[in-house]
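What follows is a single structure, written as structure tokens, with notes after it.
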Amino acid sequence: MTVPSLQFLVFVLAGAAVFNVVPIRWRDAVWMVLNLAFIWFLSRAFLPLAPLAGFLLLGYLGTRLRPAWIPIALTLATFVWLKRYAFIPDSLLLAPGAMTVGLSYIFFRVMHLIIDAGQGAEPIGVVRYLNFTLNFPAVISGPIQRREDYEANDDLPLTLPDIGIAAWRMLLGAFKVIVLSKALNAWQTTALASLHPDMASSAKALAGAQIVAVYPLFLYANFSGYTDFVIGAARLFRLRLPENFDRPFLAANFIDFWSRWHISLSQWLRSYVFNPLLLGWMRRFRSARGKQYPSVVAFFVTFFLVGAWHGQTMAFLFFGLLQGGGVAGNRLYQLAMTRRLTPAGYERLSANPWYRAVARGLTFTWFAFTLLWFWSSWSGIRGLAVSLGFTASTLAALATILTASVLLAIPDLLGVAATRIQMAARSRYTRTAFASAMTLALAAATLVLQLASPEIVYQRF
Amino acid sequence: MPIQSQSINEPARIPAKIALVRRDLVLLPAIFLLTALILLTAGEVSARLIFPQTAMAEPCEYATSSGLRYHPGCTSQSKLWEGPWITEHFNACGYRGPEPCATLPPNTRRLVVLGTSTAHGTFVNFEDFFPTRTSAWLSARCGFPVDAQTLATEPVDLDHTDTRMAETLSLHPSAIALVIGPFDLVHQKDPPGVTDTYRQPLFARVIALLRQSRLFQITQYYLYRDPSFQVRAFLLNGDSAGYVREPLSPAWQQRVDAMGDLLGRLVARADGVPITLMYYPERAQTALAREAHDPPGVDPYAIGDALAGIAAQHGVHFVDATHAFAAADFDSLYYLTDGHPKAGGHAALATALEQSLAGQPAFANCRDK
């Protein structure tokens with residue numbers, strides 16, 4: 001069962017109907033049955049689920065084991081083993097076929113429970129544990145929710161407007177994934193196929209810019225579309241999932257970007273990696289100036305892990321280095337500029353529309369560049385570099401920076417009008433009109449063009 | 001510096017409680033429908049501009065008490081939205097084609113074609129039209145010229161075909177071919193005018209209007225590119241698919257019997273000229289015939305077998321072109337939404353007819369040597 005798909009929609013609607021009509025005291029049980037049923041649908045056999053079941057059991061026992069570092073180490077090692085990281089010898093790996101879809105997201109929830117239990121959090125019951133870790137709308141690719149947030153946003157009222165908003169999110173998500181991300185994927189694939197050695201440098205640069213710059217847009221449509229869909233689906237079960245995106249391409253620097261992209265992942269790492277590292281290191285520095293530098297290292301480690309988490313190969317480790325390097329470099333630049341211009345002067349510079357436009361363009365281009373190690377391979381990147389050559393590569397980078405700077409400056413250029421447009425777009429009347437248009441587009445895409453729902457890229461992680 | 005200070009925005013949260021104004025219960029669905037209506041209308045207008053369509057032979061038609069006829073010497077152009085521009089020329093007798101008709105040249109044998117739209121060559125050029133191909137094929141093999149005249153008219157009036165036998169015999173044919181498809185069998189007994197939209201119930205008229213919309217046709221086109229989709233839809237279509245079921249449904253058996261009556265009347269008026277009944281399949285039937293295994297209860301040759309039986313009763317030759325269609329390049333056979341055979345379909349029709357005629361006494365020496 002893929003998300004979003006007609007099967008998933010039917011599963012959600014049927015499940016939500018049952019969930020909302022049974023007496024309140026049965027809801028946890030119904031929710032658990034649905035969560036387990038969904039996991040079964042992903043595999044349609046019991047044996048491939050055995051490693052996942054073992055991982056969940058280990059996690060549950062880990063919430064009760066002391067000292068906490070033992071279950072933390074065991075859970076981390078089991079996760080790395082089940083995800084078949086490239087550095088593990090083949091002879092130590094399980095035979096292929098184990099169901100690992102969603103394992104990364106389950107891992108974050110389990111790890112959070114173990115760490116918090118070690119810090120004295122209230123023990124969690126079996127049903128609650130399963131419902132939290134296997135929460136089916138968010139099991140495949142998140143968002144990652146912390147237990148306190150899950151419990152604060154569970155069992156909410158469900159009114160007619162809530163259902164309308166949930167339907168809107170699901171429709172928007174399906175549109176982004178099935179129509180928009182498909183179209184962007186086709187655009188990038190066409191540009192990639194069009195590259196050939198006899199092209200002029202300008203044509204190569206144009207193709208290169210499209211290949212690099214369209215992928216982040218595709219990934220955004222694909223992943224944020226999935227997130228929209230599951231947030232809407234979860235709402236029908238009286239659950240509010242956290243948001244994962246906040247207009248990421250409007251970020252004016254790379255640190256800001258990671259507070260707007262895959263928010264639930266960066267927030268989790270902020271809580272369990274960045275903050276403990278920073279606090280631990282800051283205690284060792286006495287001077288105010290010295291206290292500034294641990295943040296650079298903490299940023300690097302945190303976002304190196306963000307990148308490295310995405311895959312099991314050397315390419316993803318390098319992707320992690322680029323993320324960590326980008327964020328750490330950004331932090332160093334901020335510190336240097338603050339020292340040179342004073343904090344107020346740097347704040348004034350950051351507010352300058354021209355500076356902000358170029359900063360957005362650079363941020364977008366850097367992210368697009370790092371994604372080469374995300375969607376391609378070392379040999380693919382080498383092939384692309386050889387095909388483009390130095391001149392076309394440089395022109396492509398400049399074209400991407402320039403185009404992104406201009407396009408991403410539009411909201412600022414529109415000023416008050418942009419706010420008005422945003423307000424109008426949020427009105428329920430406008431959304432209803434958009435919903436109607438998106439329904440037609442989805443019907444055309446799925447019925448007429450028979451486009452299958454594409455794979456959610458983050459499902460692999 | 002903690003990372004929180006770097007975050008510009010926390011994501012916008014959905015307000016905990018939103019009130020729904022009562023008027024929204026009407027207003028929101030109305031906006032939804034109105035938007036869909038506006039988009040569909042804009043889509044329909046754009047589709048009609050991008051994919052134009054003009055009716056077949058309309059400027060050359062005129063009505064008579066026994067059906068439509070065409071002005072002698074008239075030429076018209078037509079286009080199906082999914083096909084090329086087609087030129088139609090009518091000879092001095094008002095039959096499609098450039099060949100003279102009034103007198104039969106010496107040593108020439110003539111084939112007269114009767115039927116409805118496919119036998120008229122709807123949406124195919126004259127050089128692709130099956131009688132043109134068949135007469136050329138026979139001429140090349142028989143050692144004497146063979147010409148073909150088609151008396152078929154585009155609108156449906158199959159049951160009146162026997163009223164044209166005097167006109168047919170005046171052309172001195174060596175063979176007469178009556179070409180029919182499933183659509184003709186369904187409509188053969190309808191009195192004139194019964195299918196006029198004004199007599200249909202409102203719901204049926206709305207459905208007919210929607211089916212004629214260009215957006216519907218474009219949708220159908222994309223869906224039918226996958227023949228299995230069309231087959232699934234076809235088999236779910238009740239009695240419309242009754243002719244590929246074994247045994248034939250009572251309604252389809254009645255239609256076959258009615259065709260038997262028509263054949264009886266034709267033979268009685270044919271003055272000994274041999275008649276060939278040629279049946280051609282619709283696209284879904286051809287798709288079924290191409291499959292190695294039929295779905296349970298389905299036989300794509302059931303209607304052909306039944307027609308062969310009644311043709312034999314009346315001493316009429318029978319050709320089931322389903323075999324030729326099943327063996328041909330599938331994508332070249334039909335217009336997807338209109339359903340008429342295109343050039344490849346007419347080539348299959350010609351192949352089937354040639355094989356049958358070459359076995360008849362008038363063309364006895366014309367088999368492939």
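In the structure tokens, the first chain shown is A, the next is B, and so on; residue numbers restart at 1 for each chain, and ligands run from 1 in the order shown.
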Within 10 Å of range 160-174 of chain B using only C-alpha atoms, minus same-chain residues under 6 positions, as a count of residues only: 44
Give me the chain A side of the contact with chain B, cut-off 6 Å, one line per residue showing its nearest atom pair and distance in Å at one decimal, counting only C-alpha atoms, sorted by chain and residue number, as CSV.
residue,atom,partner,partner_atom,distance
A:Asp246,CA,B:Pro11,CA,5.4
A:Asp256,CA,B:Ser7,CA,5.7
A:Ser259,CA,B:Ser7,CA,5.4
A:Thr432,CA,B:Phe32,CA,5.7
A:Ala433,CA,B:Phe32,CA,5.5
A:Ser436,CA,B:Phe32,CA,5.1
A:Val448,CA,B:Thr219,CA,5.4
Among range 110-344 of chain A, which residues carry a DSSP assignment of helix (DSSP H, G or I), reported as an MDAnalysis selection string? chainID A and resid 110:118 126:133 136:138 147:152 160:194 201:235 248:250 254:258 263:282 290:309 314:344
Out of range 54-105 of chain B, which residues get strand (DSSP E) from DSSP, as a PyMOL selection string? chain B and resi 61-64+67-70+75-79+85-89
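Taking CA of Met1 in chain A as the reference point, CA of Phe108 in chain A is found at 22.6 Å.
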Would you please work out which residue, of A:Arg25, A:Arg169, A:Arg382, A:Arg66, is nearest to Gly232 in chain A when using only C-alpha atoms? A:Arg169
Which residues are near range 46-48 of chain A? Cut-off 7 Å, only C-alpha atoms, ignore same chain within fewer than 2 positions. Put them as a PDB file with C-alpha atoms, in the first residue's frame.
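Ended up saving to result_3.pdb:
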ATOM      1  CA  SER A  43       4.295  -6.669   4.026  1.00  0.00           C
ATOM      2  CA  ARG A  44       1.310  -9.046   3.523  1.00  0.00           C
ATOM      3  CA  ALA A  50       9.630 -10.598  12.615  1.00  0.00           C
ATOM      4  CA  PRO A  51      12.745  -8.302  12.708  1.00  0.00           C
ATOM      5  CA  GLY A  97      13.418  -9.527   2.660  1.00  0.00           C
ATOM      6  CA  ALA A  98      12.852  -8.123   6.127  1.00  0.00           C
ATOM      7  CA  MET A  99      10.249  -5.335   6.177  1.00  0.00           C
TER       8      MET A  99
END
